[in-house]
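Structure data follow from run-v6.txt (compact mmCIF, C-alpha atoms):
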# COMPACT_ATOMS: atom_id res chain seq x y z
CA MET A 1 -2.87 4.24 5.03
CA LEU A 2 -3.39 7.86 4.09
CA SER A 3 -0.95 7.83 1.21
CA GLU A 4 -0.50 5.39 -1.62
CA PRO A 5 2.26 2.94 -0.68
CA ARG A 6 5.33 3.10 -2.90
CA ALA A 7 5.10 -0.67 -3.21
CA GLY A 8 1.62 -0.20 -4.66
CA ARG A 9 2.82 2.22 -7.34
CA LEU A 10 5.72 -0.05 -8.27
CA ALA A 11 3.52 -3.13 -8.50
CA ALA A 12 0.64 -1.46 -10.36
CA TRP A 13 2.75 0.25 -13.04
CA GLY A 14 5.16 -2.66 -13.22
CA ASN A 15 2.23 -4.94 -13.98
CA ALA A 16 1.00 -2.52 -16.65
CA LEU A 17 4.46 -2.61 -18.21
CA ILE A 18 4.62 -6.41 -18.13
CA ALA A 19 1.22 -6.47 -19.90
CA HIS A 20 2.58 -4.08 -22.58
CA MET A 21 0.00 -1.44 -21.67
CA VAL A 22 2.51 1.34 -20.89
CA SER A 23 6.05 2.16 -21.96
CA PRO A 24 9.05 1.64 -19.64
CA ASP A 25 9.60 5.38 -19.34
CA ASP A 26 5.94 6.09 -18.54
CA ALA A 27 5.93 3.33 -15.93
CA ALA A 28 9.08 4.72 -14.30
CA VAL A 29 7.67 8.26 -14.15
CA ALA A 30 4.45 7.03 -12.53
CA ILE A 31 6.31 4.92 -9.97
CA VAL A 32 8.58 7.78 -8.93
CA GLY A 33 5.59 10.08 -8.50
CA GLY A 34 6.50 13.03 -6.32
CA ASP A 35 9.87 11.58 -5.26
CA ALA A 36 13.12 12.79 -6.78
CA VAL A 37 14.53 9.47 -7.94
CA HIS A 38 14.20 5.70 -7.45
CA ARG A 39 17.02 3.19 -7.87
CA VAL A 40 17.24 -0.58 -7.49
CA GLU A 41 20.18 -2.14 -5.64
CA GLY A 42 21.21 -5.79 -5.57
CA LEU A 43 19.64 -6.70 -8.91
CA PRO A 44 21.17 -9.93 -10.28
CA GLY A 45 23.76 -9.09 -12.92
CA GLU A 46 24.27 -5.52 -11.71
CA ASP A 47 27.17 -4.46 -9.47
CA ALA A 48 25.71 -1.03 -8.66
CA PRO A 49 22.27 0.52 -8.21
CA VAL A 50 20.38 1.06 -11.47
CA GLY A 51 17.45 3.21 -12.56
CA LEU A 52 13.88 1.96 -12.65
CA THR A 53 13.65 1.63 -16.43
CA LEU A 54 16.63 -0.71 -16.58
CA ALA A 55 15.54 -2.54 -13.44
CA LEU A 56 12.03 -3.27 -14.70
CA GLY A 57 13.41 -4.58 -17.97
CA ARG A 58 15.92 -6.77 -16.15
CA LEU A 59 13.25 -8.21 -13.87
CA ARG A 60 11.19 -9.19 -16.91
CA ALA A 61 14.27 -10.83 -18.43
CA LEU A 62 14.79 -12.74 -15.19
CA GLY A 63 11.30 -14.23 -15.52
CA ALA A 64 9.07 -11.84 -13.58
CA SER A 65 5.52 -12.41 -14.87
CA GLY A 66 3.81 -10.09 -12.39
CA LEU A 67 4.36 -7.99 -9.31
CA ARG A 68 2.38 -8.25 -6.09
CA ILE A 69 2.68 -6.29 -2.88
CA ALA A 70 2.90 -7.02 0.82
CA LEU A 71 1.81 -4.58 3.55
CA PRO A 72 2.87 -6.36 6.75
CA ALA A 73 2.48 -4.99 10.26
CA PRO A 74 3.59 -6.36 13.64
CA GLY A 75 1.84 -9.67 14.16
CA HIS A 76 0.40 -9.66 10.64
CA PRO A 77 2.75 -10.80 7.80
CA LEU A 78 0.24 -9.69 5.16
CA GLY A 79 1.34 -10.70 1.66
CA LEU A 80 4.69 -12.18 2.68
CA SER A 81 5.93 -15.68 1.86
CA GLY A 82 9.47 -15.71 3.30
CA PRO A 83 12.27 -16.29 3.87
CA PRO A 84 12.58 -14.78 7.37
CA GLU A 85 15.32 -12.35 6.31
CA PHE A 86 13.13 -10.80 3.64
CA ASN A 87 10.08 -10.78 5.89
CA ALA A 88 11.98 -8.95 8.64
CA ARG A 89 13.18 -6.27 6.25
CA ALA A 90 9.71 -5.82 4.77
CA LEU A 91 8.12 -5.65 8.22
CA GLU A 92 10.55 -2.91 9.25
CA VAL A 93 9.16 -0.56 6.57
CA GLU A 94 5.71 -2.24 6.37
CA GLU A 95 5.74 -2.71 2.59
CA ALA A 96 7.42 -4.75 -0.15
CA VAL A 97 7.04 -5.96 -3.73
CA ILE A 98 7.35 -9.63 -4.71
CA CYS A 99 8.17 -10.65 -8.30
CA GLU A 100 6.10 -13.62 -9.45
CA GLY A 101 8.19 -16.08 -11.45
CA ALA A 102 11.56 -14.61 -10.51
CA ALA A 103 11.86 -15.49 -6.77
CA LEU A 104 12.91 -11.92 -6.02
CA GLY A 105 11.51 -9.22 -3.78
CA LEU A 106 12.02 -5.48 -3.44
CA VAL A 107 12.01 -3.49 -0.20
CA PRO A 108 12.20 0.32 -0.25
CA GLU A 109 14.60 2.43 1.75
CA VAL A 110 13.58 6.10 1.81
CA HIS A 111 16.02 8.98 2.24
CA GLU A 112 14.71 12.51 2.87
CA ALA A 113 16.67 15.76 2.91
CA GLY A 114 15.85 19.45 2.86
CA PRO A 115 13.68 21.89 4.81
CA GLU A 116 9.96 21.42 5.42
CA GLY A 117 8.05 22.23 2.26
CA ASP A 118 11.02 21.45 0.04
CA VAL A 119 11.93 17.88 0.98
CA HIS A 120 14.03 15.92 -1.51
CA VAL A 121 13.11 12.21 -1.44
CA GLU A 122 15.26 9.43 -2.87
CA VAL A 123 14.23 5.77 -2.74
CA VAL A 124 16.51 2.75 -3.01
CA TRP A 125 14.76 -0.56 -3.63
CA HIS A 126 16.78 -3.45 -2.21
CA CYS A 127 16.42 -6.59 -4.34
CA LEU A 128 16.51 -9.80 -2.28
CA PRO A 129 15.66 -13.50 -2.75
CA VAL A 130 12.14 -14.56 -1.76
CA ARG A 131 10.44 -17.90 -1.29
CA GLU A 132 7.98 -18.86 -4.01
CA ALA A 133 4.94 -19.75 -1.92
CA PRO A 134 1.37 -18.50 -1.45
CA PRO A 135 1.31 -15.06 0.22
CA ALA A 136 0.00 -14.79 3.77
CA ASP A 137 -3.60 -13.72 4.48
CA VAL A 138 -4.48 -12.08 1.13
CA PRO A 139 -8.24 -12.12 0.41
CA SER A 140 -9.94 -12.19 -2.97
CA LEU A 141 -11.40 -8.96 -4.31
CA GLY A 142 -14.89 -10.15 -3.48
CA GLU A 143 -13.95 -11.00 0.11
CA ALA A 144 -12.14 -7.68 0.49
CA GLU A 145 -15.12 -5.71 -0.77
CA ARG A 146 -17.51 -7.41 1.67
CA GLU A 147 -15.10 -6.94 4.58
CA LEU A 148 -14.62 -3.27 3.72
CA ALA A 149 -18.33 -2.51 3.71
CA GLU A 150 -18.56 -3.88 7.25
CA ALA A 151 -15.33 -2.12 8.32
CA LEU A 152 -16.57 1.25 7.09
CA ARG A 153 -19.70 0.88 9.19
CA ASP A 154 -17.61 -0.17 12.21
CA ALA A 155 -15.20 2.77 11.84
CA THR A 156 -18.03 5.27 11.51
CA ASP A 157 -19.78 3.76 14.53
CA VAL A 158 -16.63 3.95 16.67
CA LEU A 159 -16.00 7.59 15.72
CA THR A 160 -19.61 8.46 16.50
CA ARG A 161 -19.73 6.65 19.85
CA LEU A 162 -16.49 8.25 21.02
CA ASP A 163 -17.63 11.69 19.84
CA VAL A 164 -14.49 12.25 17.75
CA ALA A 165 -16.31 14.59 15.40
CA GLY A 166 -17.63 16.72 18.26
CA SER A 167 -14.62 16.96 20.56
CA GLY A 168 -13.41 20.46 19.80
CA PRO A 169 -11.49 22.55 17.25
CA VAL A 170 -8.70 20.00 16.78
CA ALA A 171 -11.20 17.29 15.87
CA GLU A 172 -13.11 19.64 13.60
CA ALA A 173 -9.86 20.47 11.76
CA ALA A 174 -9.12 16.77 11.40
CA VAL A 175 -12.57 16.12 9.94
CA ALA A 176 -12.08 19.00 7.48
CA ALA A 177 -8.69 17.59 6.47
CA TYR A 178 -10.23 14.17 5.90
CA ARG A 179 -12.92 15.63 3.66
CA ALA A 180 -10.33 17.63 1.70
CA ARG A 181 -8.22 14.51 1.14
CA ALA A 182 -11.29 12.60 -0.01
CA GLU A 183 -12.15 15.37 -2.49
CA ARG A 184 -8.60 15.48 -3.85
CA SER A 185 -8.59 11.73 -4.40
CA SER A 186 -12.00 11.73 -6.10
CA GLY A 187 -11.72 10.88 -9.78
CA ARG A 188 -7.96 10.39 -9.78
CA GLU A 189 -6.34 7.33 -11.35
CA VAL A 190 -5.75 5.06 -8.37
CA LEU A 191 -4.40 2.11 -10.37
CA ALA A 192 -2.48 1.64 -13.59
CA PRO A 193 -4.03 0.57 -16.91
CA GLY A 194 -5.15 -3.05 -17.04
CA TYR A 195 -6.75 -3.29 -13.61
CA PRO A 196 -10.43 -4.31 -13.40
CA PRO A 197 -12.98 -1.71 -12.25
CA ARG A 198 -13.70 -3.78 -9.16
CA ALA A 199 -10.05 -3.46 -8.06
CA VAL A 200 -10.26 0.32 -8.43
CA ARG A 201 -13.47 0.38 -6.39
CA VAL A 202 -11.97 -1.79 -3.64
CA LEU A 203 -8.79 0.29 -3.44
CA GLU A 204 -10.72 3.57 -3.24
CA LEU A 205 -12.89 2.21 -0.43
CA ALA A 206 -9.83 0.80 1.38
CA GLN A 207 -8.19 4.22 1.26
CA ARG A 208 -11.37 5.83 2.58
CA VAL A 209 -11.50 3.41 5.50
CA GLY A 210 -7.81 4.04 6.12
CA MET A 211 -8.43 7.77 6.26
CA LEU A 212 -11.15 7.30 8.88
CA VAL A 213 -8.88 5.12 11.01
CA SER A 214 -6.08 7.65 10.71
CA LEU A 215 -8.47 10.44 11.69
CA ALA A 216 -9.31 8.60 14.89
CA SER A 217 -5.67 7.77 15.61
CA GLU A 218 -4.29 11.25 14.92
CA ASN A 219 -7.03 13.10 16.81
CA GLY A 220 -5.57 12.72 20.28
CA HIS A 221 -8.10 11.93 22.94
CA GLY A 222 -11.17 13.01 20.98
CA GLY A 223 -14.20 12.30 23.07
CA ALA A 224 -12.47 9.46 24.89
CA VAL A 225 -11.66 11.24 28.13
CA SER A 226 -10.40 8.26 30.09
CA ALA A 227 -7.44 5.96 29.48
CA SER A 228 -9.75 2.95 29.31
CA GLU A 229 -11.88 4.63 26.64
CA MET A 230 -8.74 5.47 24.64
CA VAL A 231 -7.64 1.83 24.81
CA ALA A 232 -11.12 0.72 23.78
CA ARG A 233 -11.03 3.00 20.74
CA GLY A 234 -7.65 1.61 19.67
CA GLU A 235 -8.85 -1.97 20.08
CA ALA A 236 -12.03 -1.26 18.15
CA LEU A 237 -10.23 0.36 15.22
CA ARG A 238 -7.31 -2.08 14.98
CA PRO A 239 -9.26 -4.77 13.08
CA VAL A 240 -10.72 -2.08 10.82
CA GLU A 241 -7.21 -0.94 9.85
CA ARG A 242 -6.25 -4.58 9.25
CA VAL A 243 -9.18 -5.04 6.86
CA ALA A 244 -8.20 -1.90 4.95
CA ARG A 245 -4.63 -3.14 4.50
CA ARG A 246 -5.85 -6.56 3.35
CA ALA A 247 -8.10 -4.89 0.80
CA GLN A 248 -5.28 -2.74 -0.55
CA VAL A 249 -3.16 -5.83 -1.11
CA ALA A 250 -6.06 -7.63 -2.81
CA ALA A 251 -6.60 -4.69 -5.16
CA TYR A 252 -2.96 -4.24 -6.17
CA ASN A 253 -2.45 -7.99 -6.60
CA SER A 254 -5.68 -8.63 -8.51
CA VAL A 255 -4.19 -8.62 -12.01
CA VAL A 256 -1.53 -11.14 -10.98
CA VAL A 257 -4.22 -13.37 -9.46
CA GLU A 258 -6.36 -13.12 -12.62
CA ARG A 259 -3.42 -14.05 -14.85
CA GLY A 260 -2.73 -17.11 -12.70
CA MET A 261 -6.34 -18.28 -13.10
CA ARG A 262 -6.30 -18.17 -16.90
Representation of the structure as structure tokens:
Amino acid sequence: MLSEPRAGRLAAWGNALIAHMVSPDDAAVAIVGGDAVHRVEGLPGEDAPVGLTLALGRLRALGASGLRIALPAPGHPLGLSGPPEFNARALEVEEAVICEGAALGLVPEVHEAGPEGDVHVEVVWHCLPVREAPPADVPSLGEAERELAEALRDATDVLTRLDVAGSGPVAEAAVAAYRARAERSSGREVLAPGYPPRAVRVLELAQRVGMLVSLASENGHGGAVSASEMVARGEALRPVERVARRAQVAAYNSVVVERGMR
């Protein structure tokens, strides 16, 4: 939850391209981000992996009218619609992109090489058939925003009760890192052109909640000195993390939902 999912970048900028709000080259550059290269494998009509610019154009030609994302986790097939083979592959990496109108889905496979600090990242998106059906458990933007407001209060309450912020130098460093990440993300473009302001607001809040959950998860024992207290913290934060993932999906998929309502 700390970083923007690659599926989110692909869907957001792919949707901007489909709406003719950005050029194919600009969309490809934004999707790749800090990675070295992205390719698409298994695209109908192509015998070998192709670059993003060609792939996005081909998906449009195949009938893709929008891109939505899925962020599934064990026991929670968030955003998926089948078939089981696609769902299993998406669940393995906990993200995927589904092409509305084309019955195709894309699942990333990430390859990393190089020493720490100079890692070379290549991504291969595997194109597979999907079932055209309503996605699982995706809320509306309004629902997501209300759920997030409650989740943020819950996450803050859990961290306070378990004394995460006051449990020593490691916790203090984690809190400082969280604040630094929040400052770096402030004011940046979190979605591509064409998304409504409410989607941007929901995504920013979802990422903030995700950061808080990650802080609690990464911070070792924190103030929870017993095994039972550690289990209680995990159980308390699990639904908060679920809400944050649901909100991310709602934000990235919002333009596709709006187009379908017109």
Quiz item: Between A:Val29, A:Ala88, A:Leu203, A:Val37, which has the minimum distance to Glu122 in chain A (counting all atoms listed in the file)?
Solution: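 Ranked by minimum distance to Glu122 in chain A, first place goes to A:Val37.
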Self-check item: Atomic separation - CA of Arg259 in chain A relative to CA of Ser81 in chain A, Å
Solution: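 Pair CA of Ser81 in chain A / CA of Arg259 in chain A returns 19.2 Å.
Across A:Gln207, A:Ala192, A:Leu212, A:Ala250, the tightest approach to Arg153 in chain A is made by A:Leu212 when counting only C-alpha atoms.
The space separating CA of Ser140 in chain A from CA of Asp154 in chain A comes to 20.8 Å.
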Practice problem: For CA of Ala247 in chain A and CA of Ala133 in chain A, determine how far apart the two atoms are, in Å to one decimal place. | Solution: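 Value for the CA of Ala247 in chain A-CA of Ala133 in chain A distance: 20.0 Å.
Near Ala12 in chain A, within 10 Å and counting all atoms listed in the file, sit Arg6, Ala7, Leu17, Ala27, Ala30, Ile31, Gly66, Leu67, Arg68, Ile69, Val190, Leu191, Ala192, Pro193, Gly194, Tyr195, Ala251, Tyr252, Asn253, Ser254, Val255 and Val256 of chain A; same-chain residues fewer than 5 positions away were not included.
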Given the selection you just returned, output its residues as a file containing C-alpha atoms, formatted as a PDB file, in the coordinates of the input.
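Final output, saved to selection_32.pdb:
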ATOM      1  CA  ARG A   6       5.330   3.100  -2.900  1.00  0.00           C
ATOM      2  CA  ALA A   7       5.100  -0.670  -3.210  1.00  0.00           C
ATOM      3  CA  LEU A  17       4.460  -2.610 -18.210  1.00  0.00           C
ATOM      4  CA  ALA A  27       5.930   3.330 -15.930  1.00  0.00           C
ATOM      5  CA  ALA A  30       4.450   7.030 -12.530  1.00  0.00           C
ATOM      6  CA  ILE A  31       6.310   4.920  -9.970  1.00  0.00           C
ATOM      7  CA  GLY A  66       3.810 -10.090 -12.390  1.00  0.00           C
ATOM      8  CA  LEU A  67       4.360  -7.990  -9.310  1.00  0.00           C
ATOM      9  CA  ARG A  68       2.380  -8.250  -6.090  1.00  0.00           C
ATOM     10  CA  ILE A  69       2.680  -6.290  -2.880  1.00  0.00           C
ATOM     11  CA  VAL A 190      -5.750   5.060  -8.370  1.00  0.00           C
ATOM     12  CA  LEU A 191      -4.400   2.110 -10.370  1.00  0.00           C
ATOM     13  CA  ALA A 192      -2.480   1.640 -13.590  1.00  0.00           C
ATOM     14  CA  PRO A 193      -4.030   0.570 -16.910  1.00  0.00           C
ATOM     15  CA  GLY A 194      -5.150  -3.050 -17.040  1.00  0.00           C
ATOM     16  CA  TYR A 195      -6.750  -3.290 -13.610  1.00  0.00           C
ATOM     17  CA  ALA A 251      -6.600  -4.690  -5.160  1.00  0.00           C
ATOM     18  CA  TYR A 252      -2.960  -4.240  -6.170  1.00  0.00           C
ATOM     19  CA  ASN A 253      -2.450  -7.990  -6.600  1.00  0.00           C
ATOM     20  CA  SER A 254      -5.680  -8.630  -8.510  1.00  0.00           C
ATOM     21  CA  VAL A 255      -4.190  -8.620 -12.010  1.00  0.00           C
ATOM     22  CA  VAL A 256      -1.530 -11.140 -10.980  1.00  0.00           C
TER      23      VAL A 256
END
Self-check item: Nearest candidate to Val119 in chain A (options A:Leu43, A:Leu205, A:Ala36, A:Met21; using all atoms listed in the file)
Solution: A:Ala36
Size and centre in Å, one decimal, axis-aligned box, all listed range 238-241 of chain A atoms plus 4 Å per side, as JSON:
{"center_x": -9.0, "center_y": -2.9, "center_z": 12.4, "size_x": 11.5, "size_y": 11.8, "size_z": 13.1}
Quiz prompt | Counting only C-alpha atoms, the option among A:Val32, A:Ala236, A:Val249, A:Ile18 closest to Val121 in chain A | solution =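 Residue with the minimum atom-to-atom distance to Val121 in chain A: A:Val32.
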Practice problem: Name the residues in contact with range 123-128 of chain A at a cut-off of 8 Å, using only C-alpha atoms, excluding same-chain residues fewer than 3 positions from it; report them as number ranges by chain. | Solution: A: 35, 37-43, 86, 104-111
